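**Student:** My questions all concern the structure below.
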Amino acid sequence: MVIVVEHPGGHKVVTRQWHYYSGKSSAAELRNCKVFAGTANPQLCEDIAEYLGTELSKVKLGAFRDGERVIEVLEPVEGKHVYIIQPVCRHEEGSVNDALVELILMISCVRRAAALSVTAIIPYFGYARQDRKMGNTVPISAADVAHLLSSVGVSRVVSIDLHCGQIQGFFPPNVPVDDLSATPVAAAFFAEKNLKTPVVVSPDAGGVRRAKEFRATLDAMGFAGKTSLAMIIKQRRAASQIERMDLVGDVRGRDCVVVDDMTDTSGTLVQAAKMLKENGAERVFAFCTHGVLSPPAGERIRDSELEELVIANTVPLPPSFLNDAGLMKKVRVLSLAPLLAEAVRRLATSQPLHNRPLTKPKL
């Protein structure tokens, strides 16, 4: 369902039923704000600015020949509320580390230029998987990244589906973290599909809460009494290596939607789809917020039992996916630009920051 919303001045914004968005901001609402974009996901940044109803502020981003990042803000930010959009992920311009360093330096840059506040919009929080000590000689990298961001003066952080909620506690009390959920957006998208008595599947015990949220959205959008939950219990041999998987729940003759926060090499996801089909599932879909999609994810997804993999646009698709028409028939990308634009608008106008209610918002 496509909704075209007319705004004063003749501007139109195209939204869909699964967008959480209440319209563009007025010039008055953003008069004391500046929105900057890093290089990690330029399309997402441009889309957020479009839905927000503003233009991205000017900044010069580059690098010396040895890879050292160079940053120059080209607009005055003194006394302004600054928003910096930068997922910490691999991208065409560089690596995860390049994105992180660029974000840190951008925050430092506007702070030294006397910005009143700096909010980091981090759709994908890199290093989030390293959220605890798995041995005596390893760092808690997610905590270290939080300390780096805090040390250069970030005022607030907005993220999407952190790998683990405890990461919010790695920031000091004076740096609030708003971890938004993409699950209601994806569930509203799946509610438009002709699903057969759907089963929402969590790929591990830690994702059950996310699966429950997904199911609740489906129930609120016409599937009440038709959905159920299942869970896969997995034992790992090492990172990205599964030794054994067991299914808890009945999926026979039903459509399954595997819900997870991310997929990297997609080994777990493909094995889960195979197990569900072996246990009698009709069709197997998957929603993973962050499509990191490192090799050999493409080959695995193409040859898998998955009917469709749905991801959000927090991380740009790798060229190997974009250049493979056959593979892209199995992959669908949902835009979170309306949700993030709505978040920025609410922060700029001191409104509660949430992506509820479950019902479609008024436009």
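Starting from 1 in every chain, residues are counted up; chains themselves are A, B, ... following the order of the structure tokens, and ligands are numbered from 1 as listed.
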List as JSON, numbers by chain the protein and nucleic acid residues near A:Val310, meaning an atom at most 10 Å away when only C-alpha atoms are counted, but skip any in the same chain fewer than 3 places from it.

**Tutor:** {"A": [186, 189, 190, 257, 259, 285, 286, 287, 288, 289, 290, 291, 307, 313, 330, 331, 332, 333, 334]}

**Student:** Output the selection as a compact mmCIF listing (two decimals), in the first residue's frame - N, CA and C atoms for each residue.

**Tutor:**
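Below is the file that was written, selection39.txt:
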```
# COMPACT_ATOMS: atom_id res chain seq x y z
N ALA A 186 9.12 -4.33 10.29
CA ALA A 186 9.18 -5.56 9.50
C ALA A 186 7.91 -6.38 9.66
N PHE A 189 5.24 -5.05 7.61
CA PHE A 189 5.48 -5.42 6.21
C PHE A 189 5.01 -6.85 5.95
N PHE A 190 5.34 -7.77 6.83
CA PHE A 190 4.93 -9.17 6.65
C PHE A 190 3.42 -9.34 6.81
N VAL A 257 8.63 -17.34 9.94
CA VAL A 257 9.42 -16.12 9.79
C VAL A 257 10.50 -16.14 10.87
N VAL A 259 13.30 -14.44 12.88
CA VAL A 259 13.55 -13.04 13.23
C VAL A 259 14.85 -12.95 14.01
N PHE A 285 10.55 -17.63 5.63
CA PHE A 285 11.02 -16.27 5.40
C PHE A 285 11.98 -15.91 6.53
N ALA A 286 12.70 -14.83 6.37
CA ALA A 286 13.58 -14.36 7.44
C ALA A 286 13.60 -12.84 7.43
N PHE A 287 13.63 -12.28 8.64
CA PHE A 287 13.89 -10.85 8.78
C PHE A 287 15.08 -10.67 9.71
N CYS A 288 16.11 -10.00 9.19
CA CYS A 288 17.29 -9.66 9.98
C CYS A 288 17.51 -8.16 9.81
N THR A 289 17.49 -7.43 10.90
CA THR A 289 17.60 -5.97 10.80
C THR A 289 18.84 -5.55 10.03
N HIS A 290 19.98 -6.08 10.43
CA HIS A 290 21.25 -5.63 9.85
C HIS A 290 21.80 -6.69 8.90
N GLY A 291 21.82 -6.40 7.63
CA GLY A 291 22.39 -7.31 6.64
C GLY A 291 23.86 -7.04 6.44
N GLU A 307 12.57 -18.58 1.32
CA GLU A 307 11.68 -18.00 0.32
C GLU A 307 12.09 -16.56 0.04
N ASN A 313 17.80 -1.22 5.76
CA ASN A 313 18.88 -0.54 5.05
C ASN A 313 19.86 0.15 5.99
N LYS A 330 15.75 -12.96 -4.05
CA LYS A 330 15.48 -13.52 -2.72
C LYS A 330 15.67 -12.51 -1.60
N VAL A 331 16.09 -11.30 -1.93
CA VAL A 331 16.43 -10.32 -0.91
C VAL A 331 15.54 -9.08 -1.07
N ARG A 332 14.95 -8.63 0.04
CA ARG A 332 14.12 -7.43 0.04
C ARG A 332 14.65 -6.49 1.11
N VAL A 333 14.82 -5.22 0.75
CA VAL A 333 15.36 -4.23 1.68
C VAL A 333 14.26 -3.25 2.09
N LEU A 334 14.03 -3.14 3.39
CA LEU A 334 13.07 -2.18 3.93
C LEU A 334 13.81 -0.92 4.37
```

**Student:** Tell me, as a PDB file with N, CA, C and O atoms, in the first residue's frame, which residues lie within 12 Å of A:Val344, counting only C-alpha atoms; anything in the same chain fewer than 4 positions away does not count.

**Tutor:**
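Okay, result_33.pdb is ready:
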```pdb
ATOM      1  N   TYR A  21       5.923   7.025  10.732  1.00  0.00           N
ATOM      2  CA  TYR A  21       6.294   8.349  10.239  1.00  0.00           C
ATOM      3  C   TYR A  21       5.073   9.254  10.296  1.00  0.00           C
ATOM      4  O   TYR A  21       3.971   8.849   9.941  1.00  0.00           O
ATOM      5  N   SER A  22       5.237  10.477  10.769  1.00  0.00           N
ATOM      6  CA  SER A  22       4.101  11.393  10.881  1.00  0.00           C
ATOM      7  C   SER A  22       4.258  12.649  10.039  1.00  0.00           C
ATOM      8  O   SER A  22       3.523  13.602  10.218  1.00  0.00           O
ATOM      9  N   GLY A  23       5.227  12.659   9.131  1.00  0.00           N
ATOM     10  CA  GLY A  23       5.349  13.792   8.217  1.00  0.00           C
ATOM     11  C   GLY A  23       6.628  14.587   8.417  1.00  0.00           C
ATOM     12  O   GLY A  23       7.364  14.418   9.388  1.00  0.00           O
ATOM     13  N   LYS A  24       6.867  15.481   7.467  1.00  0.00           N
ATOM     14  CA  LYS A  24       8.072  16.300   7.509  1.00  0.00           C
ATOM     15  C   LYS A  24       8.024  17.319   8.633  1.00  0.00           C
ATOM     16  O   LYS A  24       6.957  17.737   9.074  1.00  0.00           O
ATOM     17  N   SER A  25       9.209  17.721   9.064  1.00  0.00           N
ATOM     18  CA  SER A  25       9.321  18.770  10.074  1.00  0.00           C
ATOM     19  C   SER A  25       9.192  20.131   9.412  1.00  0.00           C
ATOM     20  O   SER A  25       9.496  20.305   8.230  1.00  0.00           O
ATOM     21  N   GLU A  29      10.763  24.016  13.442  1.00  0.00           N
ATOM     22  CA  GLU A  29      11.150  22.920  14.330  1.00  0.00           C
ATOM     23  C   GLU A  29      12.637  22.608  14.222  1.00  0.00           C
ATOM     24  O   GLU A  29      13.258  22.152  15.190  1.00  0.00           O
ATOM     25  N   LEU A  30      13.212  22.853  13.048  1.00  0.00           N
ATOM     26  CA  LEU A  30      14.622  22.499  12.819  1.00  0.00           C
ATOM     27  C   LEU A  30      15.535  23.720  12.754  1.00  0.00           C
ATOM     28  O   LEU A  30      16.682  23.610  12.329  1.00  0.00           O
ATOM     29  N   CYS A  33      18.901  23.272  14.384  1.00  0.00           N
ATOM     30  CA  CYS A  33      19.485  21.944  14.192  1.00  0.00           C
ATOM     31  C   CYS A  33      20.336  21.878  12.925  1.00  0.00           C
ATOM     32  O   CYS A  33      20.068  22.575  11.942  1.00  0.00           O
ATOM     33  N   LYS A  34      21.337  21.033  12.974  1.00  0.00           N
ATOM     34  CA  LYS A  34      22.155  20.715  11.807  1.00  0.00           C
ATOM     35  C   LYS A  34      22.250  19.198  11.699  1.00  0.00           C
ATOM     36  O   LYS A  34      22.468  18.510  12.704  1.00  0.00           O
ATOM     37  N   VAL A  35      22.090  18.681  10.493  1.00  0.00           N
ATOM     38  CA  VAL A  35      22.142  17.243  10.265  1.00  0.00           C
ATOM     39  C   VAL A  35      23.301  16.934   9.319  1.00  0.00           C
ATOM     40  O   VAL A  35      23.309  17.395   8.174  1.00  0.00           O
ATOM     41  N   ILE A  48      16.854   9.992   4.937  1.00  0.00           N
ATOM     42  CA  ILE A  48      16.422  10.539   6.221  1.00  0.00           C
ATOM     43  C   ILE A  48      16.179  12.040   6.100  1.00  0.00           C
ATOM     44  O   ILE A  48      15.171  12.566   6.587  1.00  0.00           O
ATOM     45  N   ALA A  49      17.113  12.741   5.456  1.00  0.00           N
ATOM     46  CA  ALA A  49      16.953  14.187   5.270  1.00  0.00           C
ATOM     47  C   ALA A  49      15.702  14.500   4.453  1.00  0.00           C
ATOM     48  O   ALA A  49      14.975  15.460   4.759  1.00  0.00           O
ATOM     49  N   TYR A  51      12.868  12.682   4.227  1.00  0.00           N
ATOM     50  CA  TYR A  51      11.688  12.478   5.067  1.00  0.00           C
ATOM     51  C   TYR A  51      11.613  13.511   6.186  1.00  0.00           C
ATOM     52  O   TYR A  51      10.524  13.865   6.643  1.00  0.00           O
ATOM     53  N   LEU A  52      12.748  13.986   6.622  1.00  0.00           N
ATOM     54  CA  LEU A  52      12.773  14.993   7.684  1.00  0.00           C
ATOM     55  C   LEU A  52      12.343  16.359   7.163  1.00  0.00           C
ATOM     56  O   LEU A  52      11.838  17.199   7.911  1.00  0.00           O
ATOM     57  N   GLY A  53      12.544  16.570   5.857  1.00  0.00           N
ATOM     58  CA  GLY A  53      12.159  17.843   5.252  1.00  0.00           C
ATOM     59  C   GLY A  53      13.249  18.885   5.314  1.00  0.00           C
ATOM     60  O   GLY A  53      12.991  20.085   5.411  1.00  0.00           O
ATOM     61  N   THR A  54      14.508  18.449   5.240  1.00  0.00           N
ATOM     62  CA  THR A  54      15.628  19.371   5.299  1.00  0.00           C
ATOM     63  C   THR A  54      16.727  18.881   4.369  1.00  0.00           C
ATOM     64  O   THR A  54      16.596  17.835   3.721  1.00  0.00           O
ATOM     65  N   HIS A  81      22.057  22.284  17.794  1.00  0.00           N
ATOM     66  CA  HIS A  81      21.879  20.868  18.102  1.00  0.00           C
ATOM     67  C   HIS A  81      22.267  20.076  16.853  1.00  0.00           C
ATOM     68  O   HIS A  81      21.606  20.194  15.815  1.00  0.00           O
ATOM     69  N   VAL A  82      23.324  19.306  16.948  1.00  0.00           N
ATOM     70  CA  VAL A  82      23.882  18.622  15.785  1.00  0.00           C
ATOM     71  C   VAL A  82      23.502  17.138  15.814  1.00  0.00           C
ATOM     72  O   VAL A  82      23.586  16.483  16.862  1.00  0.00           O
ATOM     73  N   TYR A  83      23.097  16.625  14.654  1.00  0.00           N
ATOM     74  CA  TYR A  83      22.794  15.204  14.486  1.00  0.00           C
ATOM     75  C   TYR A  83      23.747  14.651  13.426  1.00  0.00           C
ATOM     76  O   TYR A  83      23.841  15.190  12.325  1.00  0.00           O
ATOM     77  N   ILE A  84      24.464  13.584  13.795  1.00  0.00           N
ATOM     78  CA  ILE A  84      25.423  12.960  12.877  1.00  0.00           C
ATOM     79  C   ILE A  84      24.950  11.545  12.587  1.00  0.00           C
ATOM     80  O   ILE A  84      24.778  10.735  13.502  1.00  0.00           O
ATOM     81  N   ILE A  85      24.709  11.241  11.317  1.00  0.00           N
ATOM     82  CA  ILE A  85      24.213   9.924  10.909  1.00  0.00           C
ATOM     83  C   ILE A  85      25.387   9.109  10.372  1.00  0.00           C
ATOM     84  O   ILE A  85      26.002   9.481   9.369  1.00  0.00           O
ATOM     85  N   VAL A 118      25.361  17.055  20.619  1.00  0.00           N
ATOM     86  CA  VAL A 118      25.688  16.182  19.489  1.00  0.00           C
ATOM     87  C   VAL A 118      24.992  14.842  19.693  1.00  0.00           C
ATOM     88  O   VAL A 118      25.291  14.113  20.649  1.00  0.00           O
ATOM     89  N   THR A 119      24.075  14.542  18.811  1.00  0.00           N
ATOM     90  CA  THR A 119      23.389  13.257  18.839  1.00  0.00           C
ATOM     91  C   THR A 119      23.924  12.396  17.697  1.00  0.00           C
ATOM     92  O   THR A 119      23.885  12.806  16.538  1.00  0.00           O
ATOM     93  N   ALA A 120      24.424  11.221  18.043  1.00  0.00           N
ATOM     94  CA  ALA A 120      24.931  10.284  17.030  1.00  0.00           C
ATOM     95  C   ALA A 120      23.812   9.322  16.656  1.00  0.00           C
ATOM     96  O   ALA A 120      23.321   8.579  17.515  1.00  0.00           O
ATOM     97  N   ILE A 121      23.407   9.341  15.405  1.00  0.00           N
ATOM     98  CA  ILE A 121      22.433   8.390  14.884  1.00  0.00           C
ATOM     99  C   ILE A 121      23.239   7.232  14.305  1.00  0.00           C
ATOM    100  O   ILE A 121      23.850   7.362  13.242  1.00  0.00           O
ATOM    101  N   ARG A 156      24.072  12.157  23.026  1.00  0.00           N
ATOM    102  CA  ARG A 156      23.004  11.155  22.973  1.00  0.00           C
ATOM    103  C   ARG A 156      23.286  10.223  21.810  1.00  0.00           C
ATOM    104  O   ARG A 156      23.905  10.611  20.816  1.00  0.00           O
ATOM    105  N   VAL A 157      22.810   8.985  21.928  1.00  0.00           N
ATOM    106  CA  VAL A 157      22.991   8.001  20.871  1.00  0.00           C
ATOM    107  C   VAL A 157      21.630   7.396  20.523  1.00  0.00           C
ATOM    108  O   VAL A 157      20.856   7.044  21.419  1.00  0.00           O
ATOM    109  N   VAL A 158      21.359   7.305  19.228  1.00  0.00           N
ATOM    110  CA  VAL A 158      20.162   6.621  18.743  1.00  0.00           C
ATOM    111  C   VAL A 158      20.630   5.449  17.888  1.00  0.00           C
ATOM    112  O   VAL A 158      21.379   5.645  16.921  1.00  0.00           O
ATOM    113  N   SER A 159      20.211   4.251  18.246  1.00  0.00           N
ATOM    114  CA  SER A 159      20.620   3.055  17.513  1.00  0.00           C
ATOM    115  C   SER A 159      19.388   2.278  17.076  1.00  0.00           C
ATOM    116  O   SER A 159      18.262   2.600  17.447  1.00  0.00           O
ATOM    117  N   ASP A 178      18.994   5.587  22.977  1.00  0.00           N
ATOM    118  CA  ASP A 178      17.665   5.182  22.530  1.00  0.00           C
ATOM    119  C   ASP A 178      17.830   4.079  21.493  1.00  0.00           C
ATOM    120  O   ASP A 178      18.233   4.347  20.363  1.00  0.00           O
ATOM    121  N   LEU A 180      16.088   1.944  19.165  1.00  0.00           N
ATOM    122  CA  LEU A 180      14.810   1.762  18.475  1.00  0.00           C
ATOM    123  C   LEU A 180      14.726   0.352  17.899  1.00  0.00           C
ATOM    124  O   LEU A 180      15.738  -0.288  17.628  1.00  0.00           O
ATOM    125  N   ALA A 337      14.462   4.884   6.924  1.00  0.00           N
ATOM    126  CA  ALA A 337      14.611   6.338   6.870  1.00  0.00           C
ATOM    127  C   ALA A 337      13.417   7.070   7.480  1.00  0.00           C
ATOM    128  O   ALA A 337      13.603   8.032   8.236  1.00  0.00           O
ATOM    129  N   PRO A 338      12.166   6.645   7.201  1.00  0.00           N
ATOM    130  CA  PRO A 338      11.033   7.337   7.848  1.00  0.00           C
ATOM    131  C   PRO A 338      11.072   7.234   9.370  1.00  0.00           C
ATOM    132  O   PRO A 338      10.795   8.210  10.069  1.00  0.00           O
ATOM    133  N   LEU A 339      11.411   6.050   9.886  1.00  0.00           N
ATOM    134  CA  LEU A 339      11.490   5.854  11.333  1.00  0.00           C
ATOM    135  C   LEU A 339      12.564   6.739  11.947  1.00  0.00           C
ATOM    136  O   LEU A 339      12.346   7.394  12.978  1.00  0.00           O
ATOM    137  N   LEU A 340      13.740   6.805  11.328  1.00  0.00           N
ATOM    138  CA  LEU A 340      14.837   7.605  11.870  1.00  0.00           C
ATOM    139  C   LEU A 340      14.555   9.102  11.719  1.00  0.00           C
ATOM    140  O   LEU A 340      14.929   9.899  12.587  1.00  0.00           O
ATOM    141  N   ALA A 348      14.207  16.803  18.177  1.00  0.00           N
ATOM    142  CA  ALA A 348      14.333  18.245  17.937  1.00  0.00           C
ATOM    143  C   ALA A 348      13.206  19.030  18.578  1.00  0.00           C
ATOM    144  O   ALA A 348      13.369  20.215  18.903  1.00  0.00           O
ATOM    145  N   THR A 349      12.057  18.381  18.771  1.00  0.00           N
ATOM    146  CA  THR A 349      10.889  19.068  19.345  1.00  0.00           C
ATOM    147  C   THR A 349      10.593  18.595  20.774  1.00  0.00           C
ATOM    148  O   THR A 349       9.510  18.843  21.301  1.00  0.00           O
ATOM    149  N   SER A 350      11.549  17.890  21.384  1.00  0.00           N
ATOM    150  CA  SER A 350      11.440  17.433  22.784  1.00  0.00           C
ATOM    151  C   SER A 350      10.194  16.590  23.030  1.00  0.00           C
ATOM    152  O   SER A 350       9.527  16.715  24.053  1.00  0.00           O
ATOM    153  N   GLN A 351       9.885  15.700  22.072  1.00  0.00           N
ATOM    154  CA  GLN A 351       8.775  14.771  22.237  1.00  0.00           C
ATOM    155  C   GLN A 351       9.307  13.399  22.632  1.00  0.00           C
ATOM    156  O   GLN A 351      10.471  13.091  22.400  1.00  0.00           O
ATOM    157  N   PRO A 352       8.455  12.565  23.237  1.00  0.00           N
ATOM    158  CA  PRO A 352       8.899  11.208  23.592  1.00  0.00           C
ATOM    159  C   PRO A 352       9.387  10.461  22.357  1.00  0.00           C
ATOM    160  O   PRO A 352       8.785  10.547  21.281  1.00  0.00           O
ATOM    161  N   LEU A 353      10.463   9.727  22.527  1.00  0.00           N
ATOM    162  CA  LEU A 353      11.068   9.027  21.394  1.00  0.00           C
ATOM    163  C   LEU A 353      10.678   7.557  21.458  1.00  0.00           C
ATOM    164  O   LEU A 353      11.180   6.801  22.275  1.00  0.00           O
ATOM    165  N   HIS A 354       9.780   7.149  20.605  1.00  0.00           N
ATOM    166  CA  HIS A 354       9.369   5.753  20.533  1.00  0.00           C
ATOM    167  C   HIS A 354       8.761   5.531  19.165  1.00  0.00           C
ATOM    168  O   HIS A 354       8.416   6.473  18.459  1.00  0.00           O
ATOM    169  N   ASN A 355       8.659   4.281  18.772  1.00  0.00           N
ATOM    170  CA  ASN A 355       8.077   3.965  17.460  1.00  0.00           C
ATOM    171  C   ASN A 355       6.783   3.177  17.621  1.00  0.00           C
ATOM    172  O   ASN A 355       6.486   2.260  16.894  1.00  0.00           O
TER     173      ASN A 355
END
```

**Student:** Name the residues of stretch 60-195 of chain A that fall into strand (DSSP E) according to DSSP on the backbone, using the chain letters and numbers of this document, as a PyMOL selection string.

**Tutor:** chain A and resi 60-63+69-73+81-85+117-122+156-160+177-180

**Student:** Any idea what's packed within 9 Å of stretch 104-110 of chain A, counting only C-alpha atoms, ignoring anything in its chain fewer than 5 positions away? Could you give it as a list in words?

**Tutor:**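 Counting only C-alpha atoms, the residues come to Phe36, Gly38, Arg69, Val70, Ile71, Glu72, Val73, Pro76, Val77, Glu78, Val82, Ile84, Ala99, Ala115, Ser117, Val118, Thr119, Ala120, Leu148, Leu149, Ser151, Val152, Gly153 and Val154 of chain A.
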
**Student:** Let me make sure I understand: among A:Pro296, A:Thr314, A:Leu306, A:Asp131, which one has the smallest atom-to-atom distance to A:Pro87 if we use only C-alpha atoms?

**Tutor:**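 Checking each candidate against A:Pro87, we get A:Thr314 as the closest.
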
**Student:** Quick one: residues within 6 Å of stretch 220-232 of chain A, only C-alpha atoms counted, chain neighbours fewer than 5 positions away excluded, as a PyMOL selection string?

**Tutor:** chain A and resi 197-204+246-249

**Student:** Residues as selected, all heavy atoms, written as a PDB file, in the first residue's frame, can you do that?

**Tutor:**
```pdb
ATOM      1  N   THR A 197      -1.056 -19.312   8.690  1.00  0.00           N
ATOM      2  CA  THR A 197      -0.887 -19.552  10.132  1.00  0.00           C
ATOM      3  C   THR A 197       0.584 -19.399  10.545  1.00  0.00           C
ATOM      4  O   THR A 197       1.252 -20.369  10.892  1.00  0.00           O
ATOM      5  CB  THR A 197      -1.408 -20.944  10.527  1.00  0.00           C
ATOM      6  OG1 THR A 197      -0.793 -21.932   9.677  1.00  0.00           O
ATOM      7  CG2 THR A 197      -2.908 -21.016  10.377  1.00  0.00           C
ATOM      8  N   PRO A 198       1.098 -18.182  10.504  1.00  0.00           N
ATOM      9  CA  PRO A 198       2.545 -17.973  10.659  1.00  0.00           C
ATOM     10  C   PRO A 198       3.102 -18.348  12.025  1.00  0.00           C
ATOM     11  O   PRO A 198       2.445 -18.175  13.059  1.00  0.00           O
ATOM     12  CB  PRO A 198       2.708 -16.472  10.404  1.00  0.00           C
ATOM     13  CG  PRO A 198       1.366 -15.889  10.697  1.00  0.00           C
ATOM     14  CD  PRO A 198       0.371 -16.921  10.304  1.00  0.00           C
ATOM     15  N   VAL A 199       4.318 -18.855  11.994  1.00  0.00           N
ATOM     16  CA  VAL A 199       5.090 -19.133  13.201  1.00  0.00           C
ATOM     17  C   VAL A 199       6.296 -18.190  13.198  1.00  0.00           C
ATOM     18  O   VAL A 199       7.069 -18.169  12.244  1.00  0.00           O
ATOM     19  CB  VAL A 199       5.577 -20.593  13.250  1.00  0.00           C
ATOM     20  CG1 VAL A 199       6.362 -20.837  14.539  1.00  0.00           C
ATOM     21  CG2 VAL A 199       4.421 -21.558  13.134  1.00  0.00           C
ATOM     22  N   VAL A 200       6.435 -17.421  14.259  1.00  0.00           N
ATOM     23  CA  VAL A 200       7.593 -16.534  14.397  1.00  0.00           C
ATOM     24  C   VAL A 200       8.676 -17.312  15.130  1.00  0.00           C
ATOM     25  O   VAL A 200       8.452 -17.807  16.242  1.00  0.00           O
ATOM     26  CB  VAL A 200       7.229 -15.256  15.159  1.00  0.00           C
ATOM     27  CG1 VAL A 200       8.443 -14.328  15.244  1.00  0.00           C
ATOM     28  CG2 VAL A 200       6.059 -14.542  14.482  1.00  0.00           C
ATOM     29  N   VAL A 201       9.843 -17.424  14.502  1.00  0.00           N
ATOM     30  CA  VAL A 201      10.907 -18.283  15.016  1.00  0.00           C
ATOM     31  C   VAL A 201      12.080 -17.439  15.503  1.00  0.00           C
ATOM     32  O   VAL A 201      12.614 -16.613  14.759  1.00  0.00           O
ATOM     33  CB  VAL A 201      11.401 -19.263  13.934  1.00  0.00           C
ATOM     34  CG1 VAL A 201      12.470 -20.194  14.508  1.00  0.00           C
ATOM     35  CG2 VAL A 201      10.238 -20.071  13.357  1.00  0.00           C
ATOM     36  N   SER A 202      12.461 -17.655  16.757  1.00  0.00           N
ATOM     37  CA  SER A 202      13.683 -17.042  17.277  1.00  0.00           C
ATOM     38  C   SER A 202      14.835 -18.014  17.059  1.00  0.00           C
ATOM     39  O   SER A 202      14.734 -19.185  17.422  1.00  0.00           O
ATOM     40  CB  SER A 202      13.543 -16.739  18.771  1.00  0.00           C
ATOM     41  OG  SER A 202      14.786 -16.310  19.304  1.00  0.00           O
ATOM     42  N   PRO A 203      15.946 -17.560  16.473  1.00  0.00           N
ATOM     43  CA  PRO A 203      17.069 -18.473  16.204  1.00  0.00           C
ATOM     44  C   PRO A 203      17.895 -18.810  17.441  1.00  0.00           C
ATOM     45  O   PRO A 203      18.805 -19.626  17.368  1.00  0.00           O
ATOM     46  CB  PRO A 203      17.907 -17.698  15.180  1.00  0.00           C
ATOM     47  CG  PRO A 203      17.625 -16.273  15.491  1.00  0.00           C
ATOM     48  CD  PRO A 203      16.200 -16.209  15.956  1.00  0.00           C
ATOM     49  N   ASP A 204      17.587 -18.186  18.580  1.00  0.00           N
ATOM     50  CA  ASP A 204      18.269 -18.504  19.834  1.00  0.00           C
ATOM     51  C   ASP A 204      17.436 -17.978  20.994  1.00  0.00           C
ATOM     52  O   ASP A 204      16.466 -17.231  20.807  1.00  0.00           O
ATOM     53  CB  ASP A 204      19.692 -17.926  19.877  1.00  0.00           C
ATOM     54  CG  ASP A 204      19.727 -16.439  19.553  1.00  0.00           C
ATOM     55  OD1 ASP A 204      18.868 -15.702  20.071  1.00  0.00           O
ATOM     56  OD2 ASP A 204      20.596 -16.023  18.778  1.00  0.00           O
ATOM     57  N   ASP A 246      18.525 -27.509  17.682  1.00  0.00           N
ATOM     58  CA  ASP A 246      17.308 -28.229  18.042  1.00  0.00           C
ATOM     59  C   ASP A 246      16.135 -27.268  17.977  1.00  0.00           C
ATOM     60  O   ASP A 246      16.245 -26.099  18.390  1.00  0.00           O
ATOM     61  CB  ASP A 246      17.423 -28.824  19.449  1.00  0.00           C
ATOM     62  CG  ASP A 246      18.540 -29.851  19.552  1.00  0.00           C
ATOM     63  OD1 ASP A 246      18.418 -30.898  18.910  1.00  0.00           O
ATOM     64  OD2 ASP A 246      19.526 -29.586  20.274  1.00  0.00           O
ATOM     65  N   LEU A 247      14.996 -27.757  17.483  1.00  0.00           N
ATOM     66  CA  LEU A 247      13.800 -26.939  17.332  1.00  0.00           C
ATOM     67  C   LEU A 247      12.826 -27.183  18.475  1.00  0.00           C
ATOM     68  O   LEU A 247      12.516 -28.328  18.802  1.00  0.00           O
ATOM     69  CB  LEU A 247      13.121 -27.243  15.990  1.00  0.00           C
ATOM     70  CG  LEU A 247      11.802 -26.532  15.719  1.00  0.00           C
ATOM     71  CD1 LEU A 247      12.008 -25.021  15.598  1.00  0.00           C
ATOM     72  CD2 LEU A 247      11.157 -27.084  14.442  1.00  0.00           C
ATOM     73  N   VAL A 248      12.325 -26.086  19.054  1.00  0.00           N
ATOM     74  CA  VAL A 248      11.279 -26.158  20.081  1.00  0.00           C
ATOM     75  C   VAL A 248      10.033 -25.485  19.501  1.00  0.00           C
ATOM     76  O   VAL A 248      10.024 -24.273  19.274  1.00  0.00           O
ATOM     77  CB  VAL A 248      11.714 -25.453  21.374  1.00  0.00           C
ATOM     78  CG1 VAL A 248      10.579 -25.505  22.404  1.00  0.00           C
ATOM     79  CG2 VAL A 248      12.978 -26.074  21.939  1.00  0.00           C
ATOM     80  N   GLY A 249       8.989 -26.250  19.236  1.00  0.00           N
ATOM     81  CA  GLY A 249       7.768 -25.704  18.659  1.00  0.00           C
ATOM     82  C   GLY A 249       7.341 -26.488  17.428  1.00  0.00           C
ATOM     83  O   GLY A 249       8.129 -27.247  16.841  1.00  0.00           O
TER      84      GLY A 249
END
```

**Student:** Closest to A:Arg254 among A:Ala37, A:Ala281, A:Ala146, A:Leu61, using only C-alpha atoms?

**Tutor:**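 For A:Arg254, the nearest of the candidates is A:Ala281.
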
**Student:** Taking only C-alpha atoms into account, name the residue in A:Val292, A:Ile167, A:Ile301, A:Ala211 that is nearest to A:Gly267.

**Tutor:** A:Ile301

**Student:** Given only C-alpha atoms as the basis, pick out the residue of A:Asp255, A:Glu305, A:Ser181, A:Leu317 nearest to A:Asn41.

**Tutor:**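 Smallest separation from A:Asn41 among the options: A:Leu317.
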
**Student:** What separation in Å, quoted to one decimal, exists between atom CA of A:Asp179 and atom CA of A:Lys60?

**Tutor:** 28.8 Å

**Student:** Go through A:Val315, A:Arg345, A:Leu293, A:Pro184 and flag the residue nearest A:Leu269, using only C-alpha atoms for the distances.

**Tutor:**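 That would be A:Leu293, the residue with the smallest distance to A:Leu269.
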
**Student:** If you run DSSP on the backbone here, which positions in stretch 46-153 of chain A get helix (DSSP H, G or I)? Please write them as a VMD selection string.

**Tutor:** chain A and resid 46 to 52 96 to 112 141 to 151

**Student:** So what do you get for atom CA of A:Pro173 versus atom CA of A:Ala343, distance-wise?

**Tutor:**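 If I compute the distance from atom CA of A:Pro173 to atom CA of A:Ala343, I get 20.5 Å.
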
**Student:** Compare A:Asp144, A:Glu192, A:Asp66, A:Glu308 by their minimum atom-to-atom distance to A:Thr217, counting only C-alpha atoms, and give me the closest one.

**Tutor:** A:Glu192

**Student:** Would you mind reading off the distance between atom CA of A:Pro42 and atom CA of A:Tyr124, one decimal, in Å?

**Tutor:**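 It comes out at 13.7 Å.
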